[in-house]
>>> print(open('final-v9.cif').read())   # mmCIF, C-alpha atoms
data_work
loop_
_atom_site.group_PDB
_atom_site.id
_atom_site.type_symbol
_atom_site.label_atom_id
_atom_site.label_comp_id
_atom_site.auth_asym_id
_atom_site.auth_seq_id
_atom_site.Cartn_x
_atom_site.Cartn_y
_atom_site.Cartn_z
ATOM 1 C CA MET A 294 198.034 83.552 16.437
ATOM 2 C CA ILE A 295 194.264 84.230 16.425
ATOM 3 C CA ILE A 296 193.939 82.741 19.898
ATOM 4 C CA VAL A 297 196.494 85.291 21.182
ATOM 5 C CA PHE A 298 194.356 88.131 19.798
ATOM 6 C CA LYS A 299 191.228 86.576 21.288
ATOM 7 C CA LEU A 300 192.876 86.286 24.688
ATOM 8 C CA LEU A 301 194.196 89.845 24.481
ATOM 9 C CA PHE A 302 190.757 91.173 23.512
ATOM 10 C CA SER A 303 189.147 89.131 26.301
ATOM 11 C CA CYS A 304 191.531 90.756 28.792
ATOM 12 C CA PHE A 305 190.560 94.130 27.339
ATOM 13 C CA VAL A 306 186.835 93.315 27.751
ATOM 14 C CA VAL A 307 187.392 92.237 31.371
ATOM 15 C CA PHE A 308 189.365 95.432 32.020
ATOM 16 C CA ALA A 309 186.586 97.506 30.378
ATOM 17 C CA LEU A 310 183.897 95.774 32.479
ATOM 18 C CA LEU A 311 185.892 96.364 35.669
ATOM 19 C CA ASN A 312 186.190 100.003 34.674
ATOM 20 C CA VAL A 313 182.410 100.192 34.123
ATOM 21 C CA PHE A 314 181.722 98.764 37.598
ATOM 22 C CA GLN A 315 184.306 101.104 39.119
ATOM 23 C CA ARG A 316 182.554 104.110 37.512
ATOM 24 C CA LYS A 317 179.198 102.861 38.827
ATOM 25 C CA LYS A 318 180.713 102.524 42.312
ATOM 26 C CA GLU A 319 182.027 106.084 42.124
ATOM 27 C CA GLY A 320 178.572 107.305 41.150
ATOM 28 C CA LEU A 321 179.662 108.449 37.695
ATOM 29 C CA LEU A 322 177.343 105.997 35.943
ATOM 30 C CA GLY A 323 173.610 105.486 36.417
ATOM 31 C CA PRO A 324 171.737 102.147 36.195
ATOM 32 C CA LYS A 325 170.882 102.727 32.511
ATOM 33 C CA GLY A 326 174.521 103.487 31.721
ATOM 34 C CA LEU A 327 175.655 100.390 33.620
ATOM 35 C CA PHE A 328 173.202 98.198 31.690
ATOM 36 C CA PHE A 329 174.244 99.701 28.342
ATOM 37 C CA TRP A 330 177.998 99.339 28.846
ATOM 38 C CA VAL A 331 177.860 95.844 30.378
ATOM 39 C CA LEU A 332 175.678 94.666 27.485
ATOM 40 C CA PHE A 333 177.946 96.406 24.979
ATOM 41 C CA TRP A 334 181.178 94.789 26.209
ATOM 42 C CA LEU A 335 179.582 91.354 26.663
ATOM 43 C CA LEU A 336 178.248 91.449 23.100
ATOM 44 C CA ALA A 337 181.641 92.660 21.845
ATOM 45 C CA GLY A 338 183.257 89.664 23.608
ATOM 46 C CA VAL A 339 180.710 87.211 22.145
ATOM 47 C CA ALA A 340 181.157 88.660 18.642
ATOM 48 C CA PHE A 341 184.937 88.377 18.931
ATOM 49 C CA TRP A 342 184.955 84.764 20.154
ATOM 50 C CA TRP A 343 182.131 83.571 17.863
ATOM 51 C CA PRO A 344 182.176 85.812 14.758
ATOM 52 C CA ASN A 345 179.467 83.716 13.115
ATOM 53 C CA SER A 346 177.015 84.790 15.776
ATOM 54 C CA THR A 347 176.861 88.237 14.120
ATOM 55 C CA THR A 348 176.067 86.598 10.770
ATOM 56 C CA ILE A 349 173.199 84.619 12.307
ATOM 57 C CA LEU A 350 171.758 87.788 13.794
ATOM 58 C CA ALA A 351 172.412 89.735 10.560
ATOM 59 C CA ASN A 352 170.540 87.133 8.526
ATOM 60 C CA TYR A 353 167.690 87.224 11.014
ATOM 61 C CA LEU A 354 167.484 91.030 10.558
ATOM 62 C CA GLY A 355 167.755 90.773 6.770
ATOM 63 C CA ILE A 356 171.295 92.180 6.559
ATOM 64 C CA GLY A 357 173.716 90.163 4.398
ATOM 65 C CA ARG A 358 176.901 89.883 6.434
ATOM 66 C CA GLY A 359 177.736 89.922 10.133
ATOM 67 C CA ALA A 360 180.427 92.526 9.478
ATOM 68 C CA ASP A 361 177.806 94.866 7.984
ATOM 69 C CA LEU A 362 175.640 94.453 11.068
ATOM 70 C CA VAL A 363 178.606 95.353 13.282
ATOM 71 C CA ILE A 364 179.256 98.496 11.199
ATOM 72 C CA TYR A 365 175.583 99.586 11.292
ATOM 73 C CA VAL A 366 175.316 99.010 15.034
ATOM 74 C CA SER A 367 178.626 100.850 15.571
ATOM 75 C CA LEU A 368 177.350 103.833 13.572
ATOM 76 C CA VAL A 369 174.149 103.979 15.615
ATOM 77 C CA ILE A 370 176.132 103.788 18.862
ATOM 78 C CA ILE A 371 178.592 106.481 17.719
ATOM 79 C CA PHE A 372 175.767 108.863 16.742
ATOM 80 C CA TYR A 373 174.007 108.198 20.033
ATOM 81 C CA LEU A 374 177.177 108.884 22.016
ATOM 82 C CA LEU A 375 177.824 112.066 20.006
ATOM 83 C CA PHE A 376 174.285 113.225 20.776
ATOM 84 C CA LYS A 377 174.766 112.476 24.482
ATOM 85 C CA LEU A 378 178.061 114.369 24.426
ATOM 86 C CA HIS A 379 176.353 117.333 22.781
ATOM 87 C CA ILE A 380 173.682 117.366 25.498
ATOM 88 C CA LYS A 381 176.379 117.162 28.181
ATOM 89 C CA LEU A 382 178.317 120.078 26.655
ATOM 90 C CA GLU A 383 175.153 122.177 26.463
ATOM 91 C CA SER A 384 174.308 121.300 30.041
ATOM 92 C CA VAL A 385 177.782 122.305 31.255
ATOM 93 C CA GLY A 386 177.549 125.543 29.225
ATOM 94 C CA ARG A 387 174.223 126.406 30.864
ATOM 95 C CA ASP A 388 175.571 125.627 34.322
ATOM 96 C CA ILE A 389 178.527 127.944 33.676
ATOM 97 C CA ALA A 390 176.120 130.661 32.489
ATOM 98 C CA LYS A 391 174.123 130.292 35.728
ATOM 99 C CA VAL A 392 177.294 130.652 37.811
ATOM 100 C CA VAL A 393 178.287 133.747 35.817
ATOM 101 C CA GLY A 394 174.833 135.270 36.421
ATOM 102 C CA LYS A 395 174.975 134.483 40.132
ATOM 103 C CA LYS A 396 178.431 136.018 40.446
ATOM 104 C CA ALA A 397 177.255 139.184 38.684
ATOM 105 C CA LEU A 398 174.462 139.541 41.268
ATOM 106 C CA GLU A 399 176.770 138.802 44.219
ATOM 107 C CA ASP A 400 179.296 141.373 42.982
ATOM 108 C CA LYS A 401 176.490 143.956 43.020
ATOM 109 C CA LYS A 402 175.441 143.221 46.617
ATOM 110 C CA MET B 167 159.083 150.092 41.088
ATOM 111 C CA PHE B 168 159.286 149.995 37.291
ATOM 112 C CA LEU B 169 162.635 148.575 36.186
ATOM 113 C CA ALA B 170 164.136 148.526 32.700
ATOM 114 C CA ILE B 171 166.303 145.493 31.953
ATOM 115 C CA VAL B 172 168.780 146.079 29.148
ATOM 116 C CA PRO B 173 171.031 143.176 28.105
ATOM 117 C CA ALA B 174 174.066 144.548 26.297
ATOM 118 C CA PHE B 175 177.036 143.087 24.450
ATOM 119 C CA ASN B 176 179.628 145.455 22.988
ATOM 120 C CA GLU B 177 177.217 148.391 22.789
ATOM 121 C CA GLU B 178 179.411 151.235 24.044
ATOM 122 C CA LYS B 179 178.280 153.475 21.160
ATOM 123 C CA ASN B 180 174.533 153.128 21.852
ATOM 124 C CA ILE B 181 174.135 152.208 25.504
ATOM 125 C CA GLY B 182 174.594 155.711 26.938
ATOM 126 C CA SER B 183 171.840 157.253 24.834
ATOM 127 C CA VAL B 184 169.554 154.234 25.354
ATOM 128 C CA VAL B 185 169.857 154.543 29.153
ATOM 129 C CA ARG B 186 169.365 158.335 29.114
ATOM 130 C CA ASP B 187 166.289 157.937 26.864
ATOM 131 C CA LEU B 188 164.862 155.341 29.226
ATOM 132 C CA PHE B 189 165.163 157.767 32.144
ATOM 133 C CA ASN B 190 163.981 160.815 30.195
ATOM 134 C CA HIS B 191 161.123 159.330 28.150
ATOM 135 C CA GLY B 192 160.524 155.771 29.361
ATOM 136 C CA GLY B 193 159.009 156.576 32.734
ATOM 137 C CA VAL B 194 161.098 153.904 34.459
ATOM 138 C CA ASP B 195 162.398 154.261 38.022
ATOM 139 C CA LYS B 196 165.593 152.367 37.459
ATOM 140 C CA VAL B 197 167.628 150.966 34.582
ATOM 141 C CA VAL B 198 169.767 147.865 34.973
ATOM 142 C CA VAL B 199 172.196 147.048 32.195
ATOM 143 C CA ILE B 200 173.506 143.495 32.101
ATOM 144 C CA ASP B 201 176.873 143.719 30.402
ATOM 145 C CA ASP B 202 177.126 140.263 28.875
ATOM 146 C CA GLY B 203 180.910 139.895 28.703
ATOM 147 C CA SER B 204 181.565 142.943 26.518
ATOM 148 C CA VAL B 205 185.150 143.655 25.546
ATOM 149 C CA ASP B 206 184.486 147.374 25.032
ATOM 150 C CA ASN B 207 183.416 150.055 27.530
ATOM 151 C CA THR B 208 179.697 149.176 27.585
ATOM 152 C CA ALA B 209 179.632 148.966 31.392
ATOM 153 C CA GLY B 210 181.409 152.310 31.842
ATOM 154 C CA GLU B 211 179.113 154.134 29.410
ATOM 155 C CA ALA B 212 176.020 152.619 31.032
ATOM 156 C CA GLU B 213 177.177 153.643 34.507
ATOM 157 C CA LYS B 214 177.993 157.138 33.296
ATOM 158 C CA ALA B 215 174.427 157.427 32.002
ATOM 159 C CA GLY B 216 173.055 156.472 35.432
ATOM 160 C CA ALA B 217 172.276 152.769 35.056
ATOM 161 C CA GLU B 218 172.987 150.023 37.547
ATOM 162 C CA VAL B 219 175.377 147.606 35.855
ATOM 163 C CA LEU B 220 175.630 143.863 36.388
ATOM 164 C CA LYS B 221 178.668 142.376 34.713
ATOM 165 C CA HIS B 222 178.770 138.884 33.260
ATOM 166 C CA SER B 223 182.429 137.849 33.204
ATOM 167 C CA LEU B 224 181.681 135.691 30.120
ATOM 168 C CA ASN B 225 179.387 136.162 27.166
ATOM 169 C CA CYS B 226 176.470 133.892 28.100
ATOM 170 C CA GLY B 227 173.792 135.087 25.695
ATOM 171 C CA GLN B 228 170.804 137.413 25.767
ATOM 172 C CA GLY B 229 168.522 134.908 27.503
ATOM 173 C CA MET B 230 170.902 134.479 30.424
ATOM 174 C CA ALA B 231 171.429 138.248 30.640
ATOM 175 C CA LEU B 232 167.652 138.719 30.894
ATOM 176 C CA GLN B 233 167.446 136.017 33.572
ATOM 177 C CA THR B 234 170.141 137.825 35.599
ATOM 178 C CA GLY B 235 167.999 140.943 35.192
ATOM 179 C CA HIS B 236 164.938 139.020 36.442
ATOM 180 C CA GLU B 237 166.846 137.884 39.537
ATOM 181 C CA TYR B 238 167.895 141.479 40.168
ATOM 182 C CA ALA B 239 164.281 142.618 39.722
ATOM 183 C CA LYS B 240 163.155 140.071 42.343
ATOM 184 C CA MET B 241 165.893 141.269 44.719
ATOM 185 C CA MET B 242 164.736 144.868 44.253
ATOM 186 C CA GLY B 243 161.068 143.934 44.600
ATOM 187 C CA ALA B 244 160.207 145.439 41.212
ATOM 188 C CA ASP B 245 156.495 145.614 40.383
ATOM 189 C CA TYR B 246 157.014 145.853 36.628
ATOM 190 C CA ILE B 247 159.943 145.315 34.306
ATOM 191 C CA VAL B 248 160.491 146.143 30.677
ATOM 192 C CA HIS B 249 162.855 144.186 28.424
ATOM 193 C CA PHE B 250 164.576 146.711 26.220
ATOM 194 C CA ASP B 251 167.296 146.212 23.581
ATOM 195 C CA ALA B 252 170.622 148.014 23.943
ATOM 196 C CA ASP B 253 171.104 148.818 20.265
ATOM 197 C CA GLY B 254 168.481 151.546 20.186
ATOM 198 C CA GLN B 255 166.030 149.655 17.976
ATOM 199 C CA PHE B 256 163.073 150.419 20.252
ATOM 200 C CA LEU B 257 161.643 153.809 21.146
ATOM 201 C CA SER B 258 161.656 154.590 24.844
ATOM 202 C CA THR B 259 158.800 157.037 24.209
ATOM 203 C CA GLU B 260 156.497 154.055 23.636
ATOM 204 C CA ILE B 261 157.109 152.488 27.043
ATOM 205 C CA ALA B 262 154.877 154.710 29.187
ATOM 206 C CA GLU B 263 151.807 154.227 26.955
ATOM 207 C CA ALA B 264 152.456 150.500 26.652
ATOM 208 C CA TRP B 265 152.790 150.227 30.440
ATOM 209 C CA GLN B 266 149.497 152.056 30.918
ATOM 210 C CA TYR B 267 147.892 149.775 28.341
ATOM 211 C CA LEU B 268 149.114 146.710 30.259
ATOM 212 C CA LYS B 269 147.814 148.063 33.561
ATOM 213 C CA ASN B 270 144.409 148.900 32.067
ATOM 214 C CA SER B 271 144.122 145.461 30.484
ATOM 215 C CA LYS B 272 144.920 143.745 33.828
ATOM 216 C CA ALA B 273 147.118 141.293 31.914
ATOM 217 C CA ASN B 274 150.457 139.977 33.235
ATOM 218 C CA ILE B 275 152.614 140.488 30.154
ATOM 219 C CA LEU B 276 152.651 142.885 27.257
ATOM 220 C CA PHE B 277 154.417 141.858 24.069
ATOM 221 C CA GLY B 278 155.472 144.518 21.597
ATOM 222 C CA SER B 279 154.561 143.758 18.005
ATOM 223 C CA ARG B 280 156.052 145.158 14.813
ATOM 224 C CA PHE B 281 152.991 144.019 12.876
ATOM 225 C CA LEU B 282 150.148 145.775 14.628
ATOM 226 C CA ASN B 283 151.125 148.954 12.831
ATOM 227 C CA LYS B 284 152.867 149.255 9.493
ATOM 228 C CA LYS B 285 155.475 151.775 10.522
ATOM 229 C CA SER B 286 158.483 149.511 11.057
ATOM 230 C CA GLN B 287 160.637 149.051 7.953
ATOM 231 C CA ILE B 288 161.098 145.294 8.347
ATOM 232 C CA PRO B 289 163.543 143.799 5.808
ATOM 233 C CA PHE B 290 161.680 141.903 3.045
ATOM 234 C CA PHE B 291 163.256 138.455 3.711
ATOM 235 C CA LYS B 292 162.577 138.765 7.409
ATOM 236 C CA ARG B 293 158.950 139.847 6.873
ATOM 237 C CA VAL B 294 158.063 137.308 4.197
ATOM 238 C CA VAL B 295 160.156 134.263 5.180
ATOM 239 C CA LEU B 296 161.712 134.374 8.649
ATOM 240 C CA ILE B 297 158.830 135.765 10.688
ATOM 241 C CA PRO B 298 156.180 133.390 9.238
ATOM 242 C CA LEU B 299 158.615 130.515 9.862
ATOM 243 C CA GLY B 300 159.076 131.793 13.415
ATOM 244 C CA ARG B 301 155.294 131.702 13.914
ATOM 245 C CA LEU B 302 155.216 128.090 12.694
ATOM 246 C CA VAL B 303 158.077 127.088 15.001
ATOM 247 C CA ASN B 304 156.366 128.778 17.954
ATOM 248 C CA ARG B 305 153.109 126.990 17.192
ATOM 249 C CA PHE B 306 154.945 123.670 16.981
ATOM 250 C CA TRP B 307 156.561 124.239 20.392
ATOM 251 C CA GLY B 308 153.265 125.140 22.024
ATOM 252 C CA ALA B 309 153.830 128.870 22.421
ATOM 253 C CA ILE B 310 151.036 131.446 22.570
ATOM 254 C CA PRO B 311 150.112 132.743 19.108
ATOM 255 C CA LEU B 312 151.429 136.262 18.576
ATOM 256 C CA THR B 313 151.599 138.461 15.506
ATOM 257 C CA ASP B 314 155.284 139.004 16.305
ATOM 258 C CA PRO B 315 156.950 135.698 17.243
ATOM 259 C CA GLN B 316 160.335 137.149 18.229
ATOM 260 C CA ALA B 317 159.349 140.416 19.875
ATOM 261 C CA GLY B 318 162.099 141.737 22.145
ATOM 262 C CA PHE B 319 159.979 144.462 23.728
ATOM 263 C CA ARG B 320 158.069 143.074 26.718
ATOM 264 C CA ILE B 321 156.624 144.435 29.931
ATOM 265 C CA LEU B 322 156.069 141.946 32.763
ATOM 266 C CA ASP B 323 154.218 142.392 36.023
ATOM 267 C CA LYS B 324 155.276 140.879 39.362
ATOM 268 C CA ARG B 325 153.447 137.571 38.811
ATOM 269 C CA ALA B 326 155.076 137.098 35.414
ATOM 270 C CA ILE B 327 158.511 137.943 36.870
ATOM 271 C CA GLU B 328 158.008 135.293 39.549
ATOM 272 C CA LYS B 329 156.738 132.635 37.146
ATOM 273 C CA ILE B 330 158.998 133.075 34.133
ATOM 274 C CA GLN B 331 162.435 131.637 34.722
ATOM 275 C CA ILE B 332 164.468 131.891 31.515
ATOM 276 C CA ASP B 333 166.462 128.689 30.975
ATOM 277 C CA GLN B 334 167.407 129.258 27.339
ATOM 278 C CA PRO B 335 170.661 131.238 27.546
ATOM 279 C CA ARG B 336 170.739 132.386 23.917
ATOM 280 C CA MET B 337 168.104 133.677 21.512
ATOM 281 C CA ALA B 338 165.595 130.846 22.020
ATOM 282 C CA HIS B 339 164.448 132.667 25.176
ATOM 283 C CA ALA B 340 161.944 134.632 23.071
ATOM 284 C CA THR B 341 160.059 131.431 22.236
ATOM 285 C CA GLU B 342 160.601 130.047 25.744
ATOM 286 C CA ILE B 343 158.874 133.086 27.282
ATOM 287 C CA LEU B 344 155.855 132.527 25.028
ATOM 288 C CA ILE B 345 155.754 128.831 25.963
ATOM 289 C CA LYS B 346 155.912 129.658 29.680
ATOM 290 C CA THR B 347 153.255 132.338 29.326
ATOM 291 C CA LYS B 348 150.924 129.584 28.151
ATOM 292 C CA LYS B 349 152.215 127.022 30.653
ATOM 293 C CA TYR B 350 151.599 129.271 33.674
ATOM 294 C CA ASN B 351 148.339 130.589 32.268
ATOM 295 C CA LEU B 352 149.554 134.195 32.317
ATOM 296 C CA GLN B 353 147.314 136.782 30.702
ATOM 297 C CA TYR B 354 148.934 138.654 27.840
ATOM 298 C CA VAL B 355 148.306 141.490 25.439
ATOM 299 C CA GLU B 356 150.052 142.718 22.315
ATOM 300 C CA TYR B 357 150.877 146.324 21.694
ATOM 301 C CA PRO B 358 152.132 147.977 18.494
ATOM 302 C CA VAL B 359 155.767 149.067 18.661
ATOM 303 C CA TYR B 360 158.046 150.729 16.174
ATOM 304 C CA VAL B 361 161.359 149.001 15.471
ATOM 305 C CA ILE B 362 164.275 150.795 13.839
ATOM 306 C CA TYR B 363 166.546 148.379 11.965
ATOM 307 C CA HIS B 364 170.189 149.319 12.459
ATOM 308 C CA ARG B 365 171.156 145.798 11.419
ATOM 309 C CA PHE B 366 169.376 142.717 10.063
ATOM 310 C CA GLY B 367 169.278 140.842 13.392
ATOM 311 C CA GLN B 368 168.286 137.163 13.360
ATOM 312 C CA ASN B 369 169.029 135.599 9.972
ATOM 313 C CA PHE B 370 168.137 132.132 8.689
ATOM 314 C CA SER B 371 171.057 130.390 10.412
ATOM 315 C CA GLY B 372 170.126 132.217 13.624
ATOM 316 C CA GLY B 373 166.632 130.749 13.267
ATOM 317 C CA LEU B 374 168.089 127.253 12.887
ATOM 318 C CA LYS B 375 170.173 127.799 16.039
ATOM 319 C CA ILE B 376 166.987 128.746 17.907
ATOM 320 C CA ILE B 377 165.341 125.485 16.792
ATOM 321 C CA LYS B 378 168.481 123.548 17.833
ATOM 322 C CA ASP B 379 168.469 125.267 21.257
ATOM 323 C CA LEU B 380 164.762 124.539 21.771
ATOM 324 C CA LEU B 381 165.405 120.895 20.905
ATOM 325 C CA LEU B 382 168.404 120.664 23.228
ATOM 326 C CA GLY B 383 166.328 122.288 25.950
ATOM 327 C CA LYS B 384 164.088 119.217 25.918
ATOM 328 C CA PHE B 385 167.042 117.023 26.944
ATOM 329 C CA VAL B 386 169.112 119.294 29.174
ATOM 330 C CA LYS B 387 168.188 118.965 32.848
#
>>> encode(input="final-v9.cif", output="structure tokens")
Amino acid sequence: MIIVFKLLFSCFVVFALLNVFQRKKEGLLGPKGLFFWVLFWLLAGVAFWWPNSTTILANYLGIGRGADLVIYVSLVIIFYLLFKLHIKLESVGRDIAKVVGKKALEDKK
Amino acid sequence: MFLAIVPAFNEEKNIGSVVRDLFNHGGVDKVVVIDDGSVDNTAGEAEKAGAEVLKHSLNCGQGMALQTGHEYAKMMGADYIVHFDADGQFLSTEIAEAWQYLKNSKANILFGSRFLNKKSQIPFFKRVVLIPLGRLVNRFWGAIPLTDPQAGFRILDKRAIEKIQIDQPRMAHATEILIKTKKYNLQYVEYPVYVIYHRFGQNFSGGLKIIKDLLLGKFVK
């Protein structure tokens, strides 16, 4: 049964990686983004196939269990992505404000 | 040309008298009101009083409204501009003297200050807590040191208009202007102004939003 899950997750990782490369090709992802997401999905695949690998790394970092390490890393990634999203929203808001200002000036001309 | 830039949001009750006062006592050649997405008749009242009106179709914030005013000033070839609030908290009678003071000093920007005279009835919490905190925040962000860290009354000459591009759309523009004054090595002076408090204005949470906006500004391209 576990092997079925592992195969399914592996398919998901491959699909995710293909999606990452597709986004890079379309210019929606920069080199840093490409590096981050490829590394992320490869590590997720490794952790899923060899769960003990997280424990080895956790012990090396002084954290008790591999599962704890995964949770801590996930939290860091989630906060980072939330921060990036916040920046993106602010950036879009400012761009909209600039367009509104420009339109106000053009309407006056 | 001396142009008054008045950002306004839902100020239909005050804007007419503010514009008329600017023409009658402020010594300005032209008044431009930037209606920042008001849902009342701010634009109509401003026009009736003789102002040019630029209408933001959305509420973008005071900083963006001022930037639209700056762009308009550049289009008109204005030599000087004054930033003036729409709620009637400043006295238009102080503009002419302040303008003369700026010209005599040969500086590029004049900042009004509520603290150079003791006339303004500044609320206690604002005077004792918020304004000193504002000075600290400004110092941290590398702004020029002023007695009044959030002064809304400013007069800018042509060089300052060209140099200062306001990127902070909301209230953090006040600090941004001080940072850019230092960055572009603009000469500045402070001048005592009287402020009438119709409402409290920036409160503590408003101050936190300014800090958040300044922080975000470091990351937004």
>>> interface_residues(input="final-v9.cif", of="chain A", to="chain B", cutoff="8 Å", atoms="all atoms listed in the file", output="list in words")
Ile380, Lys381, Glu383, Ser384, Arg387, Ala390, Lys391, Val393, Gly394, Lys395, Lys396, Ala397, Leu398, Asp400 and Lys401 of chain A
>>> atom_distance(input="final-v9.cif", atom1="atom CA of A:Trp342", atom2="atom CA of A:Leu322")
27.5 Å
>>> residues_around(input="final-v9.cif", residues="stretch 310-312 of chain B", least_positions_apart="4", cutoff="10 Å", atoms="all atoms listed in the file", output="MDAnalysis selection string")
chainID B and resid 277:279 281 301:302 304:305 316:317 341 343:349 354:356
>>> resolve_selection(input="final-v9.cif", expression="the PyMOL selection byres ((chain B and resi 271-276) around 12)", output="PyMOL selection string")
chain B and resi 245-249+261+263-270+277-279+310+312+314+317-330+343-344+346-348+350-359
>>> atom_distance(input="final-v9.cif", atom1="atom CA of A:Gly359", atom2="atom CA of A:Phe333")
16.2 Å
>>> atom_distance(input="final-v9.cif", atom1="atom CA of A:Ala337", atom2="atom CA of A:Cys304")
12.2 Å
>>> residues_around(input="final-v9.cif", residues="B:Asn176", least_positions_apart="6", cutoff="10 Å", atoms="all atoms listed in the file", output="VMD selection string")
chain B and resid 201 to 209 252 to 253
>>> residues_around(input="final-v9.cif", residues="stretch 343-350 of chain A", least_positions_apart="3", cutoff="9 Å", atoms="all atoms listed in the file", output="list of chain:residue names")
A:Gly338, A:Val339, A:Ala340, A:Tyr353, A:Leu354, A:Gly355, A:Ile356, A:Gly357, A:Arg358, A:Gly359, A:Ala360, A:Asp361, A:Leu362, A:Val363
>>> residues_around(input="final-v9.cif", residues="B:Leu374", least_positions_apart="2", cutoff="12 Å", atoms="all atoms listed in the file", output="PDB file with C-alpha atoms, keeping the file's coordinate frame")
ATOM      1  CA  LEU B 296     161.712 134.374   8.649  1.00  0.00           C
ATOM      2  CA  LEU B 299     158.615 130.515   9.862  1.00  0.00           C
ATOM      3  CA  GLY B 300     159.076 131.793  13.415  1.00  0.00           C
ATOM      4  CA  VAL B 303     158.077 127.088  15.001  1.00  0.00           C
ATOM      5  CA  MET B 337     168.104 133.677  21.512  1.00  0.00           C
ATOM      6  CA  ALA B 338     165.595 130.846  22.020  1.00  0.00           C
ATOM      7  CA  GLN B 368     168.286 137.163  13.360  1.00  0.00           C
ATOM      8  CA  ASN B 369     169.029 135.599   9.972  1.00  0.00           C
ATOM      9  CA  PHE B 370     168.137 132.132   8.689  1.00  0.00           C
ATOM     10  CA  SER B 371     171.057 130.390  10.412  1.00  0.00           C
ATOM     11  CA  GLY B 372     170.126 132.217  13.624  1.00  0.00           C
ATOM     12  CA  ILE B 376     166.987 128.746  17.907  1.00  0.00           C
ATOM     13  CA  ILE B 377     165.341 125.485  16.792  1.00  0.00           C
ATOM     14  CA  LYS B 378     168.481 123.548  17.833  1.00  0.00           C
ATOM     15  CA  ASP B 379     168.469 125.267  21.257  1.00  0.00           C
ATOM     16  CA  LEU B 380     164.762 124.539  21.771  1.00  0.00           C
ATOM     17  CA  LEU B 381     165.405 120.895  20.905  1.00  0.00           C
TER      18      LEU B 381
END
>>> residues_around(input="final-v9.cif", residues="A:Phe341", least_positions_apart="4", cutoff="9 Å", atoms="all atoms listed in the file", output="PyMOL selection string")
chain A and resi 299+302-303+336-337
>>> write_last_selection(input="final-v9.cif", atoms="C-alpha atoms", output="CSV table (one decimal), in the frame of the given file")
chain,number,residue,atom,x,y,z
A,299,LYS,CA,191.2,86.6,21.3
A,302,PHE,CA,190.8,91.2,23.5
A,303,SER,CA,189.1,89.1,26.3
A,336,LEU,CA,178.2,91.4,23.1
A,337,ALA,CA,181.6,92.7,21.8
>>> resolve_selection(input="final-v9.cif", expression="the PyMOL selection byres ((chain A and resi 313) around 12)", output="PyMOL selection string")
chain A and resi 306-312+314-335
>>> resolve_selection(input="final-v9.cif", expression="the PyMOL selection byres ((chain B and resi 258) around 6)", output="PDB file with C-alpha atoms, keeping the file's coordinate frame")
ATOM      1  CA  LEU B 188     164.862 155.341  29.226  1.00  0.00           C
ATOM      2  CA  HIS B 191     161.123 159.330  28.150  1.00  0.00           C
ATOM      3  CA  GLY B 192     160.524 155.771  29.361  1.00  0.00           C
ATOM      4  CA  LEU B 257     161.643 153.809  21.146  1.00  0.00           C
ATOM      5  CA  THR B 259     158.800 157.037  24.209  1.00  0.00           C
ATOM      6  CA  GLU B 260     156.497 154.055  23.636  1.00  0.00           C
ATOM      7  CA  ILE B 261     157.109 152.488  27.043  1.00  0.00           C
TER       8      ILE B 261
END
>>> closest_residue(input="final-v9.cif", among="B:Lys196, B:Phe306, B:Arg280, B:Gly254", to="B:Lys292", atoms="all atoms listed in the file")
B:Arg280
>>> decode(input="final-v9.cif", residues="stretch 302-328 of chain A", atoms="C-alpha atoms", output="PDB file, in the first residue's frame")
ATOM      1  CA  PHE A 302       3.587  11.232  -4.697  1.00  0.00           C
ATOM      2  CA  SER A 303       6.494  10.709  -7.109  1.00  0.00           C
ATOM      3  CA  CYS A 304       4.127  11.375 -10.021  1.00  0.00           C
ATOM      4  CA  PHE A 305       2.968  14.506  -8.207  1.00  0.00           C
ATOM      5  CA  VAL A 306       6.595  15.663  -7.740  1.00  0.00           C
ATOM      6  CA  VAL A 307       7.343  15.067 -11.436  1.00  0.00           C
ATOM      7  CA  PHE A 308       4.185  16.978 -12.385  1.00  0.00           C
ATOM      8  CA  ALA A 309       5.172  19.827 -10.013  1.00  0.00           C
ATOM      9  CA  LEU A 310       8.703  19.976 -11.480  1.00  0.00           C
ATOM     10  CA  LEU A 311       7.316  20.053 -15.026  1.00  0.00           C
ATOM     11  CA  ASN A 312       5.040  22.879 -13.952  1.00  0.00           C
ATOM     12  CA  VAL A 313       8.026  24.767 -12.487  1.00  0.00           C
ATOM     13  CA  PHE A 314       9.973  24.444 -15.758  1.00  0.00           C
ATOM     14  CA  GLN A 315       6.895  25.469 -17.743  1.00  0.00           C
ATOM     15  CA  ARG A 316       6.552  28.633 -15.609  1.00  0.00           C
ATOM     16  CA  LYS A 317      10.255  29.389 -16.127  1.00  0.00           C
ATOM     17  CA  LYS A 318       9.796  28.947 -19.889  1.00  0.00           C
ATOM     18  CA  GLU A 319       6.853  31.350 -19.848  1.00  0.00           C
ATOM     19  CA  GLY A 320       8.965  33.900 -18.002  1.00  0.00           C
ATOM     20  CA  LEU A 321       6.826  33.790 -14.864  1.00  0.00           C
ATOM     21  CA  LEU A 322       9.696  32.503 -12.725  1.00  0.00           C
ATOM     22  CA  GLY A 323      13.186  33.936 -12.300  1.00  0.00           C
ATOM     23  CA  PRO A 324      16.413  31.924 -11.796  1.00  0.00           C
ATOM     24  CA  LYS A 325      16.155  32.224  -7.991  1.00  0.00           C
ATOM     25  CA  GLY A 326      12.559  30.999  -8.074  1.00  0.00           C
ATOM     26  CA  LEU A 327      13.523  28.101 -10.345  1.00  0.00           C
ATOM     27  CA  PHE A 328      16.339  27.074  -7.989  1.00  0.00           C
TER      28      PHE A 328
END
